[in-house]
Structures are given as structure tokens and as C-alpha cells.
Amino acid sequence: MSRISGHAGQTAGELGGAAVLTPEIGAPTAPIWAIIRFVWRDLRLLILLGAVSIGLALCTHYIFDYPLPFAKILAGRTRKIIKYALLLGPLLLVAAAARRRWALPHMRGASIPDRANWRKMFGNLGQNPLVAQVALAAATTVLIAGLFGVSAMWKSSIPVLNPWHWDVALLAVERTVHGGVLPQDVTRQLLGPSATQVLDRLYLIWFTVLILFIVWQSFRPPSPSRTRTLFALILTYTLLGNMAAVLLSSGGPVYFDRLVGLPNPYAEHTAYLAGMPGLRAPQIQISIWRWLQTHTFVPFGSISAMPSMHVAATVIMALASWERSRWLGMVGWLYVLVILVGSVHLNWHYAIDGYVAILGTLVIWWLSAWVVRRYA
């Protein structure tokens, strides 16, 4: 019981902690107004951040007359987040309920102040934590899916807002940082066809891993850790995936010659990957170029190299996993390394795209902790 009373602010938000609630479960359902207030209190930082992003998009679209694809906000990948939540959410709730049945006997002797801590955090919903958790998880999933749609809209607007001006400069920085050597030339010597195939598969499943991570965070009960993780993820997409991507618009190694009009120093590596049977990266890269040429909107199906959002989002997953478990965190950081190497070896990114993403995400992770302490 000391774990609950001593750390109510933190452990109240963990899945096991939310299972250990007061046994006085009298009300079968919570009032709608209490649910709305509860959800708003937990998600207000994300809602406000999304409102700012959408407001800027509306101003850009209607005041400055840039044609942003608003109609496609919830298309494609964003719907996949909701689908996975519907499939996996009930399993997480069953697990929470099972832990709650195990934990309730230990709560029967809880002191009145300990119970008051839970009521202070959950309000009227403290009498029905399952309703609170379902409502919060559903609202979080829909909100995150919508915010990802907004991020996809901004990324798809790069050709309209600021089409790819930085590749030549980034190539020069890339050579300087690596002593005049292109990292792709190094990885091509070190990694054979088998390793390339493995990297291709692990890189391909990245979005599925991200969705699973989002569902996990969405179904965690409220806690500073949960709020910080979700806020850091969306803030990373807003600051790095949208603002920095527009300001530092670049296409990356595979599209260098087509965007710049100069000989491609990555031509040998591009040919190496294209000649490898069954590799998905070159096929997807060709599809993205076709979509751009035909003005076909595909969520996240645009070109944006600097910074690497694959790396940035994976760093968020690693940091959050490290908070939860050191072993899980080590797996997360190993995946960061895989995505960083894969983004270079598969010709998606300059290596410095990943370096900037890692540094930027670490700053955002620290900033998110300060914001949550200050305002949440």
C-alpha cells in the first residue's frame, strides 16, 4: 500500500496502478459531464497543440491561399491507428481488469487518505475506473489519429509551401561530417544482401510498431509519464516533422538528381539497391515519385528528408520504453540504431537527418517534461 500512497502522482497512471482502485464501486456509469471534464483535463495539452496546428493550416490555406489537402486528414494510415486500437484495446482492458481483481483484496484495508488520493485524481470517475479508462483511451486514440492526419497534411504540402531547396547544402555538410566519405559507400561495403533484406523488413514495419506504441500509450491510465510521452510524440511531429521539414525541405539521396538537376553522387548505391530482388524500399521510392508527378495525395506519401521522422519517433518510443523497463528500453534503443542505419543504407536519408532528429527529439523530450510539470 505504501507504493500507492507514496507515489500517487506517478503510479496512479500506470496500468497496474489504475487497477488498484477503491472497492466502493457503486455507480454503474459515470455522468457524461464528468467524463468530458476528465478527458479534457488529461488531454488538454494535446488538444491545444492540435488546435494551434490546425489554426495555422487554416490561415495558410485561406489567408495566404496555399492549397492544403484538408479533405484527406483522416485518410490512410490515420485510420489504421483506430483499427489497431479497436483490435487490441479490449485485450488491454481485460488485462487491466484481471490485475484489478487481483489487487482489490489488498485495497480493502486502505486508509481514508489513500482512497481520497484516487478520488482527487479521478473525481466522480473514481467510483468506476473502467468507464474512465475506456473513455480516455477512445478519446486519445481518435485525437492522436486526427493529429497524425494533420501532420500528414503538412508534410504533403511541402511541394506547395517550400519545395526542396536544401539537398546540395545537406550533401556538403554530410561530406564534411564524415570526412569526405558518403555513409552509403561505407554501409554498402559492410552490409551484404542478407543484412540489407533484414534492414528493409525492419524499416518497413516501423509504422506498425509506432501504431502499437500509440495504442499502448492510449490505453494507459492518466499519469505524468503518459501525458509527457504523448505530448512529446505530437510535439516532435509538429516541430520536427512539420516546421523543420518545411523550412529545411530536402528530398534525400534517392531523389537527389531529380530534384537538384546535378549528377547524383548516390547513383551507384541506388543501382545496387535497385538490383536486389524483393527489396521493398526502391519500389516504394518509385511509387512516391509517381504520386508526386501525378499530384496524387497519399498520407505521408511525400518527400521529406531533414530531419528523419522515422528516427525521431523511434527515439520517443525508446525513451518511453526506458522509463517503463530497462530491458524494454534497450530493445527500443537497438531499434533506433536499426532505423538510423536503415534510413541511410536504404537511401532514404542523409545520415545527418538522423543525427538532427536524435538531438531535436531529446530536447523535445526534456521540454515536454517541463511543460507537463508546469501545466498538467
# chains A, B, ... in the order shown; residues from 1 in each chain; ligands from 1
>>> residues_around(residues="segment 341-347 of chain A", least_positions_apart="2", cutoff="7 Å", atoms="only C-alpha atoms", output="PyMOL selection string")
chain A and resi 184+187+199+203+253-254+281+337-339+349-351
>>> closest_residue(among="A:Gln189, A:Gln197, A:Thr236, A:Thr60", to="Leu147 of chain A", atoms="only C-alpha atoms")
A:Thr236
>>> closest_atom_pairs(of="segment 189-304 of chain A", to="segment 155-179 of chain A", cutoff="10 Å", atoms="only C-alpha atoms", output="Markdown table")
| residue | atom | partner | partner_atom | distance |
| --- | --- | --- | --- | --- |
| A:Tyr237 | CA | A:Lys155 | CA | 9.9 |
| A:Gly241 | CA | A:Lys155 | CA | 7.3 |
| A:Asn242 | CA | A:Lys155 | CA | 6.1 |
| A:Met243 | CA | A:Lys155 | CA | 9.3 |
| A:Ala245 | CA | A:Lys155 | CA | 7.5 |
| A:Val246 | CA | A:Ile158 | CA | 5.8 |
| A:Leu247 | CA | A:Asn162 | CA | 7.2 |
| A:Leu248 | CA | A:Trp166 | CA | 6.2 |
| A:Ser249 | CA | A:Trp164 | CA | 4.5 |
| A:Ser250 | CA | A:Trp164 | CA | 4.4 |
| A:Gly251 | CA | A:Trp164 | CA | 6.1 |
| A:Gly252 | CA | A:Asp167 | CA | 6.8 |
| A:Pro253 | CA | A:Asp167 | CA | 8.3 |
| A:Tyr255 | CA | A:Asp167 | CA | 9.4 |
| A:Phe256 | CA | A:Asp167 | CA | 6.9 |
| A:Asp257 | CA | A:Asp167 | CA | 9.7 |
| A:Leu259 | CA | A:Trp164 | CA | 7.2 |
| A:Val260 | CA | A:Asp167 | CA | 7.3 |
| A:Leu262 | CA | A:Val168 | CA | 9.2 |
| A:Pro265 | CA | A:Leu171 | CA | 9.2 |
| A:Leu292 | CA | A:Pro159 | CA | 8.6 |
| A:His295 | CA | A:Pro159 | CA | 9.9 |
| A:Thr296 | CA | A:Ser156 | CA | 9.9 |
| A:Phe297 | CA | A:Ser156 | CA | 7.3 |
| A:Val298 | CA | A:Ser156 | CA | 7.8 |
| A:Pro299 | CA | A:Ser156 | CA | 7.1 |
| A:Phe300 | CA | A:Lys155 | CA | 6.4 |
| A:Gly301 | CA | A:Ser156 | CA | 7.0 |
| A:Ser302 | CA | A:Ser156 | CA | 5.4 |
| A:Ile303 | CA | A:Lys155 | CA | 8.0 |
| A:Ser304 | CA | A:Lys155 | CA | 7.4 |
>>> residues_around(residues="segment 50-59 of chain A", least_positions_apart="4", cutoff="9 Å", atoms="only C-alpha atoms", output="MDAnalysis selection string")
chainID A and resid 45:46 63:65 68 70 143 146:147 150:151 153:154 234 238
>>> write_last_selection(atoms="C-alpha atoms", output="tab-separated table (two decimals), in the first residue's frame")
chain	number	residue	atom	x	y	z
A	45	LEU	CA	-2.19	19.85	-23.88
A	46	LEU	CA	-2.63	17.67	-26.96
A	63	ILE	CA	-5.42	33.82	-45.92
A	64	PHE	CA	-2.23	33.03	-47.85
A	65	ASP	CA	-4.07	30.94	-50.46
A	68	LEU	CA	-3.60	22.38	-48.34
A	70	PHE	CA	-7.79	19.33	-45.64
A	143	LEU	CA	-7.27	12.55	-31.12
A	146	GLY	CA	-6.53	13.17	-36.14
A	147	LEU	CA	-3.27	14.85	-35.19
A	150	VAL	CA	-2.84	16.99	-39.66
A	151	SER	CA	0.87	16.15	-39.68
A	153	MET	CA	-1.36	17.15	-44.46
A	154	TRP	CA	1.54	19.48	-43.61
A	234	ILE	CA	2.95	15.05	-31.15
A	238	THR	CA	4.80	19.35	-35.08
>>> closest_residue(among="A:Leu191, A:Leu136, A:Ala320, A:Leu334", to="Arg37 of chain A", atoms="only C-alpha atoms")
A:Leu136
>>> atom_distance(atom1="atom CA of Val142 of chain A", atom2="atom CA of Asp42 of chain A")
14.2 Å
>>> residues_around(residues="Leu210 of chain A", least_positions_apart="2", cutoff="10 Å", atoms="only C-alpha atoms", output="list of chain:residue names")
A:Ile81, A:Ile205, A:Trp206, A:Phe207, A:Thr208, A:Leu212, A:Phe213, A:Ile214, A:Val215, A:Trp216, A:His310, A:Ala313, A:Thr314, A:Ile316, A:Met317
